[in-house]
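Beneath this line is the structure, given in structure tokens, with notes to follow.
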Amino acid sequence: MASVELRNIKKRFGDVEIIHNLDLRVEPGEFTVFVGPSGCGKSTLLRMIAGLEEITAGDMKIDGQLMNDVAAASRGIAMVFQSYALYPHMNVFKNMAFALETARFPKAEIEQRVRRAAQILQIEHLLQRKPKQLSGGQRQRVAIGRAIVRNPRIFLFDEPLSNLDAELRVQMRVEIAKLHRDLGTTMIYVTHDQVEAMTMADKIVVLRAGRIEQVGTPLALYNEPANQFVAGFIGNPKMNLLKAELADAGPGRALVNVAGKPIDVPRQLVEQHRGAVTFGIRPEHMELGGAGLTLGPARVQVVEQLGGETLIYAELADGQPLTLQMQGQKRVLPGETVEASFDPAQCHLFLPEGRSLC
Amino acid sequence: MASVELRNIKKRFGDVEIIHNLDLRVEPGEFTVFVGPSGCGKSTLLRMIAGLEEITAGDMKIDGQLMNDVAAASRGIAMVFQSYALYPHMNVFKNMAFALETARFPKAEIEQRVRRAAQILQIEHLLQRKPKQLSGGQRQRVAIGRAIVRNPRIFLFDEPLSNLDAELRVQMRVEIAKLHRDLGTTMIYVTHDQVEAMTMADKIVVLRAGRIEQVGTPLALYNEPANQFVAGFIGNPKMNLLKAELADAGPGRALVNVAGKPIDVPRQLVEQHRGAVTFGIRPEHMELGGAGLTLGPARVQVVEQLGGETLIYAELADGQPLTLQMQGQKRVLPGETVEASFDPAQCHLFLPEGRSLC
Amino acid sequence: QAETKLRMYWWGSKERADRTFAANKLYTDKNKNVSIEGETLGWNDYWTKLATQVSGRNAPDLIQMDYRYIFEYARRGALLNFDPYMGKVLQIEDFGKEATDAGRVDNKLFGVNLGMNSMVTLVNRSVLDQLGFKAPTTETTWAQFAEMAAEITKKANRPGFFGVSDASGYEPEFEAFCRQRGKALYTADGKLAFTAEDAGAWFDMWDKMRQAKACVPPDVQALYKNSIDTSPVTLGKSAIDFAHSNQLVGFQALNKEKVGIAPLPNAGAGGKPGQYLKPSMLWSVSAQSKNPEEAVKIVNFFVASPEGAAAIGLERGVPASAKIRAALLPELDALGKETVDYISLMSKHVGALPPPPPKGAGEIESVLRRVSEEIAFGKVKIAEGAKKLVAEADDILSRG
Amino acid sequence: MARKVLGHDAGAYLFLAPWLIGIFVLTVGPALGSLYLSFTRFDLITEPRFVGLANYTRIFTNDAKFLAAMKVTFTYVLLAVPLKLIFALSVAIVLNKGLRGLTVYRALFYLPSLLGGSVAIAVLWRKIFAKDGLFNDVLSTFGIDGVSWIGDPDYALYTLVVLSIWQFGSPMIIFLAGLRQIPQDLYEAASLDGASKRRQFWKITLPLLTPIIFFNAIIQTIEAFKAFTPAFIISEGTGGPVNSTLFYTLYLFQEAFSYFRMGYASALAWILLVIIACFTAVSFISARYWVHYEE
Amino acid sequence: MKSDAAAHVPGTPRRGAFGSLATHAVLIGVSLVMVYPLLWMIASSLKPDSEIFNSASIFPAHPNLSAYARGWYGLKVSFGKFFTNSAVIAVLAVIGNVMSCSLAAYAFARLRFRGRNFWFAIMLGTLMLPYHVTLIPQYVLFLNLGWVDTFLPLVVPKFLAADAFFIFLMVQFFRGIPRELDEAAIMDGCGPWRIYWKIMLPLAVPALATAAVFSFIWTWDDFFAPLIYLNDMESYTFQVGLRTFVDSSGQSDWSGLFAMSVVGLVPIFVMFIFFQRLLIDGIATTGMKR
Ligand SMILES: Nc1ncnc2c1ncn2[C@@H]1O[C@H](COP(=O)(O)OP(=O)(O)OP(=O)(O)O)[C@@H](O)[C@H]1O
Ligand SMILES: Nc1ncnc2c1ncn2[C@@H]1O[C@H](COP(=O)(O)OP(=O)(O)OP(=O)(O)O)[C@@H](O)[C@H]1O
Ligand SMILES: [Mg+2]
Ligand SMILES: [Mg+2]
């Protein structure tokens with residue numbers, strides 16, 4: 001178990017600064033998930049923690065020890081690379097055994113650990129294959145296997161399940177969670193999968209363009225996004241964000257005009273503000289018909305049937321898009337008009353610069 | 001617009017047969033999605049269609065023309081590789097322009113098309129970078145860009161969005177769908193993302209270990225899986241599959257014992273059978289409390305809070321696992337006992353060998 | 001175990017190696033405390049390695065020397081002066097002054113003559129016989145020679161076959177030509193002893209022969225690399241070439257037809273002798289040798305003891321010692337006999353040994369060759385070329 | 001980054017240790033020795049005598065042979081290097097196609113390089129390019145009346161250029177090894193982009209082979225500047241006919257070992273080194289613009 | 001080698017029978033030009049000396065193998081001994097070069113250290129100085145070490161990476177190996193030594209094979225260094241042995257020379273065939289996303 005502390009971390013590639021003065025503490029044994037848009041710096045951050053990328057400025061500590069100049073090999077970190085980076089000349093077994101051999105584990109134990117990992121990853125029948133004889137998902141599993149055979153201080157996973165099918169992904173998720181439980185190792189995990197992030201994380205770190213937007217437990221991020229970006233990024237489909245006017249606010253309530261409708265939001269604003277705001281409501285918090293407030297009739301543009309649920313992409317009277325997520329297979333056709341209701345307690349308000357107002 | 005026809009296709013790597021006598025027809029202009037577990041042969045199939053992999057046996061026709069021996073370069077196919085295969089020595093612009101330059105498009109048009117694609121893919125600011133200076137998701141987008149600048153007869157996408165964040169993924173999905181609508185090009189798309197498969201496909205092909213399990217529209221697969229494998233594979237979280245006894249069956253109804261509970265399933269069996277069957281019910285079709293039938297009390301093992309929904313992993317009285325998907329954030333704790341109800345019309349029954357019974 | 005180890009170094013053929021090793025064995029059998037390690041190489045590599053070893057102060061004790069190089073090494077102090085050993089360990093009085101002095105540089109003896117040698121006109125006897133020509137004699141003048149060569153070309157009437165090689169770049173023949181005119185290549189004090197006029201006459205003579213198709217064209221001659229295998233005679237391009245008498249055996253080995261040797265042409269009436277007898281090769285001892293006396297003894301064994309001489313035979317040339325020569329004569333084969341006869345014949349027609357050439361003589365030889373080619377290929381005029389030769393030679397000599 | 005892998009430079013120097021020892025023990029001493037000698041008069045046997053810049057002065061002001069050697073060498077470098085590389089690359093490309101009998105061809109094509117500068121090659125080369133040689137026989141079937149290629153000062157050097165091209169085996173093998181390192185999936189991508197074999201060659205193979213092309217170009221240039229053995233083919237090291245094959249190192253060798261002027265030869269060597277170093281430096285600078293490295 | 005079938009790029013049509021026939025025709029034509037000298041050498045070894053230089057025909061009038069026996073036992077020491085000497089030196093050279101040069105190359109290609117560019121320039125510089133001028137100082141050096149007339153001057157420099165050619169060659173190939181593999185190995189706890197040994201070397205097999213082939217062949221073919229440093233005939237190498245056949249000033253055994261030249265080609269040719277099998281498909285870049 002090891003803590004990771006980043007203080008004032010910067011990363012520059014040539015002239016371009018990719019990570020800007022980032023501060024973060026990962027507690028010992030914590031499962032931390034990094035999420036953020038493509039290219040925001042997640043992999044770079046992991047690589048800096050691993051010691052593969054020089055830290056342009058700032059301090060990186062593991063267990064309180066300054067690590068900036070410690071060799072990657074001696075940091076005691078295992079990592080699953082986004083690009084797998086399998087050793088092309090070694091078969092799957094050798095790929096997974098390599099770290100153990102490096103650490104001079106006894107043969108029998110190597111054998112046992114690798115077989116165990118292979119079993120978990122369902123690649124036992126592939127142990128003799130070379131990487132080029134594997135499918136994408138199989139390669140990815142070998143890459144995971146290479147990390148999990150070890151007992152490092154810290155695990156770094158860079159989108160480790162992105163090429164697996166849903167079923168396998170669930171299984172792997174469970175296995176990684178179990179590994180975390182069993183070993184108690186500190187884990188940092190990059191993913192684009194909301195379900196993974198929500199279910200695995202003790203703490204989610206939302207990154208955007210090299211800055212941390214919010215750190216918190218999954219539900220905290222879902223329920224109380226610190227800003228519009230986090231609100232939009234956490235939750236799938238994305239929260240509806242509508243232009244609105246904050247007309248009035250009192251203790252525990254605020255009056256906003258959205259798409260020409262006045263809506264009374266029963267929430268306490270954190271600061272005084274009048275005028276333009278962004279009004280947010282999640283697609284899954286709206287229902288067709290129902291008793292709550294409505295934003296008025298919306299014209300259906302596109303309907304997506306996912307089997308267990310139906311997504312309706314509609315347009316409000318003032319032209320703003322609105323997404324609705326319905327349970328089951330709803331028979332709604334494009335061109336129809338629907339009216340969806342919601343519980344105003346589930347709304348969010350954001351300042352024009354993005355900060356959450358409540 | 002071009003049709004693709006595979007007849008009796010086999011693929012062998014050395015001694016291992018990967019694809020077994022596969023037959024498939026993709027209609028001109030159709031959007032076909034391949035899904036299947038990791039390593040089932042999806043990429044191999046794409047590569048055979050593209051002409052990158054020799055066809056061991058069988059015929060591959062495009063627009064009725066035998067293609068087995070036609071060079072990849074002259075098949076008029078664009079492909080997004082699972083491994084990207086970006087040209088490392090060319091910058092992003094050049095990577096995307098390469099095919100157009102090859103086809104001797106005028107400079108201005110190349111410029112315009114590449115910029116347009118870069119805009120869609122949100123990589124305009126990266127056009128001068130080399131692939132090694134890109135993040136994983138950025139590379140993947142370049143790989144997509146390389147395909148979509150062209151006007152091929154057929155598009156092949158091999159898990160093109162796997163490394164993108166949710167928001168971008170939705171945008172890209174929309175863009176690809178739009179491309180399909182605008183160009184009407186035949187598209188074959190491999191994905192592990194249920195949402196992508198369900199929303200984009202005209203037709204989903206479910207593969208398993210080199211064989212086709214079922215071909216059909218998304219909702220057909222969801223609602224009427226031909227067998228237990230498809231039932232389990234389509235839909236996320238996975239359908240609950242429970243051991244059961246088929247006690248009796250009459251026209252339009254069947255009586256099964258599941259976990260010691262007799263359940264009357266109002267469905268017409270396709271053939272006569274008694275004894276062991278598998279009983280299937282999707283997690284999203286179960287609700288806590290409610291008026292439907294129940295499988296008796298279940299002990300909660302794990303609860304996953306996804307924000308918009310809650311997954312409950314429980315255990316029935318006879319020890320069989322049961323997953324429940326609930327709307328919103330349910331306050332259920334492991335160790336509690338819950339009882340979930342369901343509409344028996346949404347049940348499925350499968351023969352021991354897997355075939356669907358209704 | 002032998003206490004005294006000596007290294008012996010020579011170039012040459014397998015035949016020579018066999019004989020030398022045999023002689024060494026004879027010697028060491030008699031002198032149990034001595035061992036001789038023999039090293040043999042081909043001509044070209046020999047000198048590079050020798051230079052390296054001498055420079056590295058690791059020269060072999062016994063060095064087979066060539067007349068062309070002895071001055072270079074002797075003047076630089078690399079060789080042992082034999083004079084102190086003369087008459088004691090080294091008993092070569094019966095060589096005669098000429099043959100002994102051939103190993104002298106600046107009045108000190110640095111090389112012991114291993115065999116007598118002289119320039120020859122090498123002829124393809126079969127061709128000459130066939131065409132009805134006689135090999136040149138001591139009477140033949142350059143003019144007659146040129147005429148005959150032209151005749152041969154005409155008579156043979158084969159494309160690419162000529163009377164004689166183009167020897168305008170051959171230094172020994174040019175030297176003979178100069179001597180016949182009463183000049184020489186170098187004066188005793190190391191200056192040039194011929195003039196541009198002499199050179200001009202020489203080049204002019206050959207140019208005329210070229211015009212008359214008496215000699216091979218320059219592009220053929222250009223391939224001659226100072227070796228038997230590249231001689232126009234060996235390659236079947238000419239009937240006559242120039243060489244040294246000890247090369248007869250080598251020539252015959254590479255020629256299907258019968259070859260023979262004859263004297264060089266002379267300047268005719270009033271001409272001086274051009275040829276002289278020089279050693280085919282010499283034994284020298286390194287100045288760095290730790291056992292100079294033993295080394296000199298071995299030299300003596302090779303040239304003055306009947307056993308040693310018998311072992312090496314005539315392979316290195318006709319022994320200078322009359323005594324030894326007499327002892328060996330009976331075992332001569334036809335070619336050997338021809339050589340010995342030639343040397344005996346020539347002894348009456350040769351002039352005195354020229355003064356030792358100065359440093360830089362080797363380079364001047366290459367200048368002669370180059371200038372002759374420039375003239376032959378028409379790159380410079382004859383007079384100009386002659387002047388160039390003299391000027392460049394002077395420059396080299398002044399550089400030292 | 002790698003600094004950190006090792007903690008400090010020491011680790012890297014450990015890898016370099018054998019080479020560094022070699023450099024200091026075997027190379028630096030002799031090299032500096034020869035540099036010193038270049039300022040002396042040294043006849044190999046007697047002690048070197050310091051003469052300052054005299055050797056260099058003479059080379060640059062009063063040495064016709066130096067100029068001749070420079071001309072010969074530069075002509076040779078400028079002709080032989082590009083032609084040989086192009087030839088080696090072309091053959092490597094053809095052989096890389098996975099033809100049947102690949103190994104046999106590869107071995108056969110390497111044969112001339114195995115023979116090196118052996119005596120046999122010398123004899124043969126002279127036979128082939130003589131006036132009545134094989135080459136002219138071939139020409140005459142086309143009705144061309146050839147000259148004595150090897151004996152004529154105007155052509156002799158070109159036959160050596162041909163010889164150099166003919167011995168293209170080493171760069172060919174290195175190209176082949178380099179071709180094997182190019183990832184196959186890029187060809188797959190390119191063929192789907194509609195690129196013909198030819199275009200794949202120009203746009204994928206060639207750019208990705210640039211590190212190897214660069215290597216071969218540098219090495220071949222250095223080798224060509226130092227060409228020595230070929231001179232023995234025609235002239236047994238005299239540089240003839242008429243200095244037309246007087247390669248720089250041959251001249252240097254003559255000065256050193258035939259004329260006992262090691263000091264002068266050393267000066268010649270250092271001038272050559274500077275010339276080659278300039279060429280190489282320019283190549284390295286230009287490499288930034290055309291050589292693609294994976295990292 | 002599996003190359004024939006496997007190297008066919010799938011999906012590309014196999015070249016028509018005619019196309020490949022044409023390619024083969026050209027290749028065979030070129031091969032003839034390449035092989036001609038060998039044939040000529042063999043033919044010459046079967047001729048008497050007097051026929052070698054002035055006979056127009058390549059075919060011997062009366063082929064006869066005697067030159068082989070004569071050549072083999074022609075010198076005081078038989079060619080068997082020279083053969084062994086050459087083989088020992090060449091094998092040691094291969095080992096030395098591959099080991100020491102790959103070490104240095106790894107440092108240049110992958111490690112960043114102060115003075116790297118400087119040393120790299122020095123390394124290239126050593127390629128540029130003609131060896132003739134360093135010969136004498138080097139000779140003196142080896143003489144003082146007592147190494148002259150042993151194999152040491154021929155072998156030890158190879159273990160000290162004196163052949164910058166191979167360093168440079170390997171640097172170029174090492175640089176083509178994706179750095180991510182190093183990084184993966186670093187994460188697996190490898191230090192630079194293990195990366196070098198377990199990652200770089202296996203992935204650079206084609207380059208190492210090339211270096212090995214060239215080391216062997218060039219060492220085998222080298223005559224200058226053995227000529228200078230070996231005195232005792234017992235220690236002569238094959239090439240030096242060959243050189244003693246030819247003495248341009250006098251009598252030479254030409255057919256013996258050619259016979260032995262042919263024999264001398266056998267080991268290097270075999271070595272070439274053997275090692276070129278290692279010029280297998282580059283494996284360096286599969287197994288990762290790019
Ligand atoms: N060169 C090869 N040699 C042997 N087996 C191979 C080779 N290439 C692929 N395979 C095997 O063929 C099967 C199908 O591979 P393919 O890449 O088509 O899978 P996939 O369906 O695309 O999987 P994924 O979703 O993981 O990408 C896999 O089991 C793989 O191990
Ligand atoms: N070598 C480099 N030179 C310049 N820019 C680089 C380099 N490597 C990465 N970048 C840039 O740094 C940013 C962060 O990259 P990083 O790989 O950390 O993104 P990421 O968050 O992992 O994205 P993804 O989810 O797409 O993998 C990207 O915008 C990328 O373009
Ligand atoms: Mg990343
Ligand atoms: Mg795949």
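Following the order of the structure tokens, chains are lettered A, B, ..., residues in each are numbered from 1, and ligands are numbered from 1.
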Original post:
Contacts of range 142-159 of chain C at 8 Å or less, counting only C-alpha atoms, minus same-chain residues fewer than 2 places along, as a ChimeraX atom specification?
Top reply: /C:128,131,133,136,140,161-164,209,212-215,239,265-268
What's around Gly33 in chain D at 10 Å? Count only C-alpha atoms, leave out sequence neighbours fewer than 5 positions away in its own chain, and write the answer as a PDB file with N, CA and C atoms, in the first residue's frame.
```
ATOM      1  N   THR D  27      43.092   2.837 -30.188  1.00  0.00           N
ATOM      2  CA  THR D  27      42.856   3.786 -31.266  1.00  0.00           C
ATOM      3  C   THR D  27      43.439   5.157 -30.993  1.00  0.00           C
ATOM      4  N   VAL D  28      43.148   5.674 -29.816  1.00  0.00           N
ATOM      5  CA  VAL D  28      43.559   7.053 -29.560  1.00  0.00           C
ATOM      6  C   VAL D  28      45.076   7.201 -29.663  1.00  0.00           C
ATOM      7  N   SER D  38      52.299  13.509 -38.602  1.00  0.00           N
ATOM      8  CA  SER D  38      51.981  14.329 -39.766  1.00  0.00           C
ATOM      9  C   SER D  38      52.734  15.664 -39.727  1.00  0.00           C
ATOM     10  N   SER D 266      50.929  10.552 -43.184  1.00  0.00           N
ATOM     11  CA  SER D 266      50.047  10.851 -42.058  1.00  0.00           C
ATOM     12  C   SER D 266      49.315  12.160 -42.288  1.00  0.00           C
TER      13      SER D 266
ATOM     14  N   VAL E 133      48.097   4.491 -41.717  1.00  0.00           N
ATOM     15  CA  VAL E 133      48.915   5.406 -40.943  1.00  0.00           C
ATOM     16  C   VAL E 133      48.921   5.067 -39.459  1.00  0.00           C
ATOM     17  N   THR E 134      47.917   4.316 -39.016  1.00  0.00           N
ATOM     18  CA  THR E 134      47.958   3.938 -37.606  1.00  0.00           C
ATOM     19  C   THR E 134      48.648   2.591 -37.435  1.00  0.00           C
ATOM     20  N   ILE E 136      51.705   1.486 -37.900  1.00  0.00           N
ATOM     21  CA  ILE E 136      52.996   1.383 -37.211  1.00  0.00           C
ATOM     22  C   ILE E 136      52.860   1.653 -35.716  1.00  0.00           C
ATOM     23  N   PRO E 137      52.188   2.756 -35.330  1.00  0.00           N
ATOM     24  CA  PRO E 137      51.999   2.932 -33.886  1.00  0.00           C
ATOM     25  C   PRO E 137      51.298   1.721 -33.252  1.00  0.00           C
ATOM     26  N   GLN E 138      50.312   1.184 -33.975  1.00  0.00           N
ATOM     27  CA  GLN E 138      49.582   0.060 -33.423  1.00  0.00           C
ATOM     28  C   GLN E 138      50.484  -1.169 -33.315  1.00  0.00           C
TER      29      GLN E 138
END
```
**OP:** Give as a ChimeraX atom specification the residues surrounding ligand 1 up to a distance of 8 Å, considering only C-alpha atoms and all ligand atoms.
**Re:** /A:126,129,132-140,163-165 /B:12-14,16,18-19,36-46,82,158-159,191-192,209-210
**OP:** Tell me, as a PyMOL selection string, which residues lie within 7 Å of Glu287 in chain B, counting only C-alpha atoms; anything in the same chain fewer than 2 positions away does not count.
**Re:** chain B and resi 285+289-290+326+340-342
Subject >> Contact residues around Asp202 in chain A with only C-alpha atoms at 7 Å, ignoring same-chain residues under 5 positions, as a ChimeraX atom specification >> reply: /A:30-32,217
Original post:
For chain B, which residues have at least one atom within 9 Å of chain D, if we go by only C-alpha atoms? Write them as a PyMOL selection string, please.
Top reply: chain B and resi 50-52+71-81+83-89+98-100+102-103+132+146-147+150
